[in-house]
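Asker: So that you have it, the file is start-v1.cif, and it contains mmCIF, C-alpha atoms and all ligand atoms:
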data_target
loop_
_atom_site.label_atom_id
_atom_site.label_comp_id
_atom_site.auth_asym_id
_atom_site.auth_seq_id
_atom_site.Cartn_x
_atom_site.Cartn_y
_atom_site.Cartn_z
CA MET A 1 98.25 116.73 90.67
CA GLN A 2 100.11 120.02 90.25
CA ILE A 3 103.81 120.39 91.04
CA GLU A 4 103.27 123.94 92.25
CA ASP A 5 102.75 123.84 96.02
CA CYS A 6 103.35 120.09 96.28
CA VAL A 7 105.67 118.69 98.95
CA ALA A 8 108.15 116.29 97.39
CA LEU A 9 110.78 113.83 98.50
CA VAL A 10 113.45 112.69 96.04
CA THR A 11 115.72 109.76 96.92
CA GLY A 12 119.38 109.91 95.87
CA ALA A 13 119.06 113.68 95.45
CA ASN A 14 122.70 114.56 96.12
CA ARG A 15 123.86 113.96 92.53
CA GLY A 16 122.91 112.81 89.06
CA LEU A 17 119.28 112.70 88.02
CA GLY A 18 118.09 112.98 91.64
CA ARG A 19 119.74 116.38 92.01
CA ALA A 20 118.03 117.50 88.77
CA PHE A 21 114.65 116.21 89.99
CA ALA A 22 115.01 118.26 93.17
CA ARG A 23 116.12 121.43 91.34
CA VAL A 24 113.31 121.24 88.76
CA LEU A 25 110.78 120.77 91.57
CA VAL A 26 112.05 123.95 93.21
CA GLU A 27 111.91 125.82 89.89
CA ARG A 28 108.34 124.66 89.28
CA GLY A 29 107.15 126.02 92.59
CA ALA A 30 107.05 123.02 94.93
CA LYS A 31 106.30 124.21 98.46
CA ARG A 32 109.03 122.03 99.97
CA VAL A 33 111.55 119.60 98.48
CA TYR A 34 113.16 117.01 100.73
CA ALA A 35 116.43 115.78 99.26
CA GLY A 36 117.12 112.23 100.46
CA ALA A 37 120.79 111.30 100.53
CA ARG A 38 122.96 108.72 102.23
CA ASP A 39 125.23 111.61 103.17
CA PRO A 40 123.08 114.74 103.60
CA GLU A 41 126.22 116.91 103.60
CA GLY A 42 126.51 116.09 99.90
CA VAL A 43 123.30 118.02 99.17
CA ARG A 44 124.47 121.45 98.04
CA ASP A 45 121.24 123.02 96.75
CA PRO A 46 120.29 125.74 99.29
CA ASP A 47 116.59 125.56 98.32
CA VAL A 48 116.01 121.95 99.39
CA VAL A 49 115.84 120.22 102.77
CA PRO A 50 118.50 117.51 103.13
CA VAL A 51 117.31 114.27 104.76
CA ARG A 52 119.58 111.40 105.72
CA LEU A 53 118.15 108.46 103.82
CA ASP A 54 119.73 105.18 102.86
CA ILE A 55 116.79 103.29 101.38
CA THR A 56 118.27 99.94 102.45
CA ARG A 57 118.14 101.01 106.13
CA PRO A 58 114.68 100.34 107.63
CA ASP A 59 115.40 102.74 110.53
CA GLN A 60 116.22 105.60 108.13
CA VAL A 61 113.22 104.86 105.90
CA ALA A 62 110.89 104.91 108.92
CA ALA A 63 112.49 108.11 110.26
CA ALA A 64 112.10 109.80 106.86
CA ALA A 65 108.41 108.86 106.68
CA GLU A 66 107.92 110.37 110.13
CA ARG A 67 109.91 113.52 109.46
CA CYS A 68 108.54 114.10 105.94
CA SER A 69 104.95 113.39 106.92
CA ASP A 70 103.61 116.14 104.62
CA VAL A 71 104.92 114.57 101.38
CA THR A 72 102.46 114.52 98.47
CA LEU A 73 104.94 113.43 95.77
CA LEU A 74 107.52 110.67 96.24
CA VAL A 75 110.22 110.29 93.60
CA ASN A 76 112.01 106.95 93.95
CA ASN A 77 115.15 107.81 92.02
CA ALA A 78 117.97 106.20 94.03
CA ALA A 79 119.68 103.19 92.53
CA ASN A 80 122.79 101.14 92.98
CA VAL A 81 124.20 101.15 89.45
CA ARG A 82 126.66 98.29 89.86
CA VAL A 83 127.49 96.35 86.75
CA GLY A 84 128.79 92.83 86.45
CA SER A 85 127.96 89.66 84.59
CA TYR A 86 126.34 86.43 85.76
CA LEU A 87 129.50 84.34 85.57
CA GLY A 88 131.95 86.78 87.14
CA PRO A 89 133.48 85.92 90.53
CA ASP A 90 131.31 88.45 92.44
CA ALA A 91 128.04 87.68 90.64
CA MET A 92 126.03 86.45 93.64
CA GLU A 93 127.20 89.30 95.84
CA ILE A 94 126.42 91.90 93.15
CA ALA A 95 123.01 90.36 92.46
CA ARG A 96 122.05 90.58 96.16
CA ASP A 97 123.52 94.05 96.56
CA VAL A 98 121.66 95.66 93.64
CA MET A 99 118.41 93.89 94.48
CA GLU A 100 118.68 95.11 98.08
CA THR A 101 118.74 98.75 96.94
CA ASN A 102 116.88 98.93 93.65
CA TYR A 103 114.02 96.57 94.38
CA LEU A 104 113.76 96.00 98.15
CA GLY A 105 114.85 99.53 99.12
CA THR A 106 112.37 101.10 96.71
CA LEU A 107 109.63 98.75 97.89
CA ALA A 108 110.37 99.78 101.49
CA MET A 109 110.03 103.46 100.47
CA CYS A 110 106.70 102.80 98.74
CA ARG A 111 105.37 100.96 101.78
CA ALA A 112 106.55 103.62 104.25
CA PHE A 113 105.13 106.52 102.24
CA ALA A 114 101.84 104.99 101.08
CA PRO A 115 100.07 106.08 104.30
CA VAL A 116 101.73 109.52 104.10
CA LEU A 117 100.43 110.01 100.55
CA ALA A 118 96.99 108.72 101.59
CA ARG A 119 96.78 111.24 104.43
CA GLY A 120 97.66 114.01 101.95
CA GLY A 121 94.75 113.05 99.68
CA GLY A 122 96.50 110.59 97.33
CA GLY A 123 99.31 112.45 95.63
CA ALA A 124 101.74 110.71 93.32
CA LEU A 125 104.60 108.25 93.38
CA VAL A 126 107.25 108.09 90.63
CA ASN A 127 109.47 105.03 90.18
CA MET A 128 112.58 105.63 88.09
CA LEU A 129 113.04 102.63 85.82
CA SER A 130 115.02 102.21 82.62
CA ILE A 131 115.02 100.93 79.06
CA ILE A 132 116.78 97.99 80.65
CA SER A 133 113.52 97.02 82.39
CA PHE A 134 112.58 95.52 79.01
CA PHE A 135 115.62 93.35 78.23
CA ASN A 136 118.72 91.85 79.76
CA ARG A 137 122.27 92.46 78.65
CA PRO A 138 124.62 90.05 80.43
CA ASP A 139 127.38 92.51 81.32
CA MET A 140 124.72 94.47 83.25
CA GLY A 141 122.63 91.35 83.91
CA PRO A 142 122.00 91.43 87.68
CA PHE A 143 121.32 95.18 87.51
CA SER A 144 118.83 94.72 84.65
CA VAL A 145 116.96 92.14 86.74
CA THR A 146 116.37 94.74 89.45
CA LYS A 147 114.69 97.11 86.98
CA ALA A 148 112.51 94.32 85.59
CA ALA A 149 111.51 93.44 89.16
CA LEU A 150 110.79 97.08 89.97
CA TRP A 151 108.73 97.48 86.79
CA SER A 152 106.64 94.45 87.74
CA MET A 153 106.22 95.73 91.29
CA THR A 154 105.25 99.19 90.02
CA ASN A 155 102.47 97.73 87.88
CA GLY A 156 101.01 95.80 90.81
CA LEU A 157 101.43 98.58 93.34
CA ARG A 158 99.62 100.99 90.99
CA ILE A 159 96.48 98.89 91.31
CA GLU A 160 96.83 98.64 95.08
CA LEU A 161 97.34 102.41 95.49
CA ARG A 162 94.55 103.42 93.13
CA ALA A 163 92.09 102.83 95.98
CA GLN A 164 93.66 105.71 97.92
CA GLY A 165 93.89 107.99 94.87
CA THR A 166 97.68 107.80 94.44
CA LEU A 167 98.99 108.17 90.89
CA VAL A 168 101.85 105.72 90.21
CA VAL A 169 104.16 106.75 87.36
CA ALA A 170 106.75 104.42 85.82
CA VAL A 171 109.59 106.18 84.00
CA HIS A 172 111.69 104.22 81.49
CA SER A 173 114.62 105.91 79.80
CA GLY A 174 117.71 105.35 77.72
CA PHE A 175 121.01 106.91 78.79
CA ILE A 176 120.92 110.07 80.90
CA ASP A 177 123.98 112.26 81.26
CA THR A 178 125.08 111.38 84.82
CA GLU A 179 128.01 109.65 86.48
CA ALA A 180 126.25 106.31 86.12
CA ALA A 181 126.30 106.59 82.32
CA ALA A 182 129.78 108.13 82.05
CA GLY A 183 131.40 104.97 80.72
CA PHE A 184 128.88 104.47 77.92
CA PRO A 185 129.16 106.09 74.48
CA GLY A 186 126.33 107.68 72.53
CA ALA A 187 123.65 110.29 72.98
CA LYS A 188 122.36 110.94 76.49
CA HIS A 189 119.39 112.85 77.85
CA ASP A 190 119.87 116.04 79.79
CA PRO A 191 118.84 115.24 83.42
CA ALA A 192 116.84 118.48 83.77
CA ASP A 193 114.92 117.66 80.60
CA VAL A 194 114.12 114.17 81.92
CA ALA A 195 112.93 115.64 85.22
CA GLY A 196 110.74 118.19 83.45
CA ARG A 197 109.09 115.54 81.31
CA VAL A 198 108.44 113.33 84.33
CA PHE A 199 106.70 116.17 86.16
CA ASP A 200 104.67 116.99 83.03
CA ALA A 201 103.44 113.38 83.16
CA VAL A 202 102.59 113.69 86.87
CA GLU A 203 100.56 116.82 86.15
CA ALA A 204 98.81 115.14 83.21
CA GLY A 205 98.03 112.00 85.25
CA ARG A 206 100.03 109.78 82.85
CA GLU A 207 101.08 106.44 84.34
CA GLU A 208 104.03 105.70 82.11
CA VAL A 209 106.82 107.75 80.56
CA LEU A 210 108.85 106.21 77.72
CA MET A 211 111.55 108.82 77.40
CA ASP A 212 112.88 108.21 73.87
CA GLU A 213 112.32 106.37 70.62
CA ARG A 214 114.64 103.49 71.50
CA THR A 215 112.81 102.92 74.79
CA ARG A 216 109.42 103.06 73.03
CA ALA A 217 110.69 100.61 70.40
CA ALA A 218 112.05 98.22 73.06
CA LYS A 219 108.72 98.07 74.85
CA ALA A 220 106.77 97.74 71.60
CA ALA A 221 109.02 94.85 70.53
CA LEU A 222 108.48 92.79 73.68
CA PRO A 223 106.10 90.26 72.06
CA ARG A 224 108.91 89.47 69.60
CA ASP A 225 111.88 90.11 71.92
CA LEU A 226 113.98 87.13 70.85
CA GLU A 227 113.72 88.27 67.26
CA LEU A 228 113.67 92.07 67.55
CA ILE A 229 115.58 92.88 70.73
CA TYR A 230 118.13 90.22 71.62
CA PRO A 231 120.11 90.03 68.35
CA GLU A 232 121.00 93.73 68.72
CA ILE A 233 121.73 93.37 72.44
CA GLU A 234 123.96 90.37 71.76
CA ALA A 235 125.81 92.28 69.02
CA GLN A 236 126.39 95.23 71.39
CA TYR A 237 127.54 92.88 74.12
CA ARG A 238 130.00 91.15 71.83
CA ALA A 239 131.29 94.49 70.50
CA ALA A 240 131.83 95.78 74.05
CA ARG A 241 133.91 92.70 74.89
CA GLY A 242 136.08 93.27 71.81
N1 LIG B 301 122.02 107.48 83.95
C1 LIG B 301 121.33 106.74 83.09
O1 LIG B 301 121.74 106.55 81.94
C2 LIG B 301 119.98 106.18 83.50
C3 LIG B 301 119.15 105.67 82.48
C4 LIG B 301 117.91 105.14 82.82
C5 LIG B 301 117.51 105.14 84.15
N2 LIG B 301 118.34 105.64 85.12
C6 LIG B 301 117.87 105.60 86.50
O2 LIG B 301 117.79 106.91 87.00
C7 LIG B 301 118.03 106.90 88.42
C8 LIG B 301 119.15 107.87 88.75
O3 LIG B 301 120.31 107.45 88.05
P1 LIG B 301 121.65 108.30 87.97
O4 LIG B 301 122.15 108.16 86.60
O5 LIG B 301 121.45 109.65 88.57
O6 LIG B 301 122.58 107.40 88.94
P2 LIG B 301 123.87 107.83 89.78
O7 LIG B 301 124.53 108.99 89.15
O8 LIG B 301 124.64 106.56 89.99
O9 LIG B 301 123.23 108.29 91.18
C9 LIG B 301 122.60 107.33 91.99
C10 LIG B 301 122.04 108.02 93.21
O10 LIG B 301 121.41 107.00 94.03
C11 LIG B 301 121.95 107.12 95.32
N3 LIG B 301 121.93 105.83 96.05
C12 LIG B 301 122.57 104.69 95.75
N4 LIG B 301 122.30 103.75 96.68
C13 LIG B 301 121.47 104.33 97.59
C14 LIG B 301 120.85 103.91 98.78
N5 LIG B 301 121.03 102.66 99.27
N6 LIG B 301 120.05 104.77 99.45
C15 LIG B 301 119.85 106.02 98.99
N7 LIG B 301 120.44 106.52 97.89
C16 LIG B 301 121.24 105.66 97.19
C17 LIG B 301 123.37 107.61 95.13
O11 LIG B 301 123.88 108.12 96.35
P3 LIG B 301 125.47 108.15 96.68
O12 LIG B 301 125.98 109.45 96.12
O13 LIG B 301 125.51 108.09 98.18
O14 LIG B 301 126.10 106.96 96.03
C18 LIG B 301 123.11 108.69 94.07
O15 LIG B 301 122.58 109.83 94.67
C19 LIG B 301 118.35 105.44 88.78
O16 LIG B 301 117.20 104.80 89.22
C20 LIG B 301 118.81 104.87 87.45
O17 LIG B 301 118.67 103.47 87.37
C21 LIG B 301 119.55 106.17 84.82
#
Could you write out this structure as structure tokens?
Answerer:
Amino acid sequence: MQIEDCVALVTGANRGLGRAFARVLVERGAKRVYAGARDPEGVRDPDVVPVRLDITRPDQVAAAAERCSDVTLLVNNAANVRVGSYLGPDAMEIARDVMETNYLGTLAMCRAFAPVLARGGGGALVNMLSIISFFNRPDMGPFSVTKAALWSMTNGLRIELRAQGTLVVAVHSGFIDTEAAAGFPGAKHDPADVAGRVFDAVEAGREEVLMDERTRAAKAALPRDLELIYPEIEAQYRAARG
């Protein structure tokens, strides 16, 4: 599908990568861009349409699907980027909290908008994943699980939605220069560049975007993850703990 003249909804569009997704959509000629945000007053871009949308709230998800009934491109960007280990005092609460948003909230969005996309002729659905879909680092353990779950769901949902002509795109990336990555050292992608490459993939009908070499290498190493992935992850984890 073409971005020009599409009608898009981006979740978590008030800041970070979501704000860049919305801006790039405007710049590439989308007919309308709905900017989902828990607090719509936080959406400052005058060219988008703010929509109150907490993806963990079934009432708000249903209201968004009704109000944005002309959507042809859904970008599931929102995430609860809460870190914490498995053995910390809040581990169970964090694990439930991140799963509620990143997996169940995104699933609720996919379910609510599948009929909307079908009515529009198929369209496309983008799920924002991560390099961390492919491995688990214990200080971000419960969060990593949510991206692995969402990756698995995305692969199954793609098959289910193919019947109605909806393209399902999974995007995996290393660090992107947003608030969520502020505490981490090293090179980070420019959010606008990430957004542009995602929409190139949508236009080309590509089902997966592996944003950088490290992400490509992580996925390619999966058959030998204990040998090729986890020693480096463990070394990083130990270094971070000092
Ligand atoms: N930054 C990275 O290095 C990186 C790397 C790979 C993948 N990603 C993925 O890219 C996406 C965007 O990340 P980011 O870096 O822009 O994160 P971010 O700066 O933490 O922004 C997260 C966005 O999600 C929204 N959000 C959180 N919970 C929500 C909920 N229940 N309902 C609706 N919106 C909610 C936040 O809204 P509030 O302002 O209300 O909190 C905010 O707009 C995420 O899926 C993330 O996992 C990021």
Asker: Rank A:Val116, A:Ala95, A:Leu53, A:Val43 by their smallest atom-to-atom distance to ligand LIG 301 (chain B), using only C-alpha atoms and all ligand atoms, and report the top residue only.
Answerer: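 Of A:Val116, A:Ala95, A:Leu53, A:Val43, the one nearest ligand LIG 301 (chain B) is A:Leu53, counting only C-alpha atoms and all ligand atoms.
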Asker: Determine, counting only C-alpha atoms, which protein, DNA and RNA residues have an atom within 7 Å of an atom of segment 212-214 of chain A; residues of the same chain fewer than 3 positions away are not included. Present the result as a ChimeraX atom specification.
Answerer: /A:173-174,217-218
Asker: Have a look at A:Ala181, A:Ile3, A:Leu167, A:Met99 and name the one nearest to ligand LIG 301 (chain B); count only C-alpha atoms and all ligand atoms.
Answerer: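 Using only C-alpha atoms and all ligand atoms, ligand LIG 301 (chain B) sits closest to A:Ala181.
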Asker: Name the closest residue to Gly165 of chain A among the candidates A:Pro191, A:Gly186, A:Pro89, A:Gly120; distances are taken between atoms, counting all atoms listed in the file.
Answerer: A:Gly120
Asker: Atom CA of Gly12 of chain A and atom CA of Glu27 of chain A are how many Å apart?
Answerer: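 So the two atoms, atom CA of Gly12 of chain A and atom CA of Glu27 of chain A, lie 18.6 Å apart.
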Asker: With distances taken over only C-alpha atoms, which of A:Ala240, A:Ile132, A:Val26, A:Val33 is nearest to Lys219 of chain A?
Answerer: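 Using only C-alpha atoms, Lys219 of chain A sits closest to A:Ile132.
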Asker: Identify which of the residues A:Ile159, A:Met140, A:Val75, A:Leu210 lies closest to Gly88 of chain A, counting only C-alpha atoms when measuring atom-to-atom distances.
Answerer: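 Once distances to Gly88 of chain A are computed over only C-alpha atoms, the minimum belongs to A:Met140.
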Asker: Could you report the residues within 7 Å of ligand LIG 301 (chain B), using only C-alpha atoms and all ligand atoms, as a PyMOL selection string?
Answerer: chain A and resi 11-18+36-39+53-56+77-81+101+105+128-131+172-181
Asker: Would you work out the distance separating atom CA of Arg82 of chain A from atom CA of Ile229 of chain A, expressed in Å to one decimal?
Answerer: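 Straight-line distance from atom CA of Arg82 of chain A to atom CA of Ile229 of chain A works out to 22.8 Å.
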Asker: Rounded to one decimal place, report the atom CA of Thr215 of chain A-atom CA of Glu203 of chain A distance in Å.
Answerer: 21.7 Å
Asker: Near Arg158 of chain A, within 9 Å and counting all atoms listed in the file, which residues show up once chain neighbours fewer than 3 positions away are dropped, as a list of chain:residue names?
Answerer: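 That gives A:Met153, A:Thr154, A:Asn155, A:Leu161, A:Arg162, A:Thr166, A:Leu167, A:Val168, A:Val169, A:Glu207.
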Asker: Of the residues A:Gly196, A:Gly123, A:Pro115, A:Pro40, which is the one nearest to Cys6 of chain A, using all atoms listed in the file?
Answerer: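 The answer is A:Gly123, which sits nearest to Cys6 of chain A.
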Asker: Which neighbours of Leu226 of chain A fall inside 12 Å, counting all atoms listed in the file, when residues of the same chain fewer than 6 positions from it are skipped, and could you give them as a ChimeraX atom specification?
Answerer: /A:134-136,218,232-234
Asker: Which neighbours of Arg32 of chain A fall inside 10 Å, counting only C-alpha atoms, when residues of the same chain fewer than 4 positions from it are skipped, and could you give them as a list in words?
Answerer: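 Contacts, with the query itself left out: Glu4, Asp5, Cys6, Val7, Ala8, Leu9, Ala22, Leu25, Val26, Asp47, Val48, Val49, Cys68, Asp70 and Val71 of chain A.
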Asker: List as a ChimeraX atom specification the protein and nucleic acid residues near Leu104 of chain A, meaning an atom at most 10 Å away when all atoms listed in the file are counted, but skip any in the same chain fewer than 2 places from it.
Answerer: /A:55-56,98-102,106-110,146,149-150
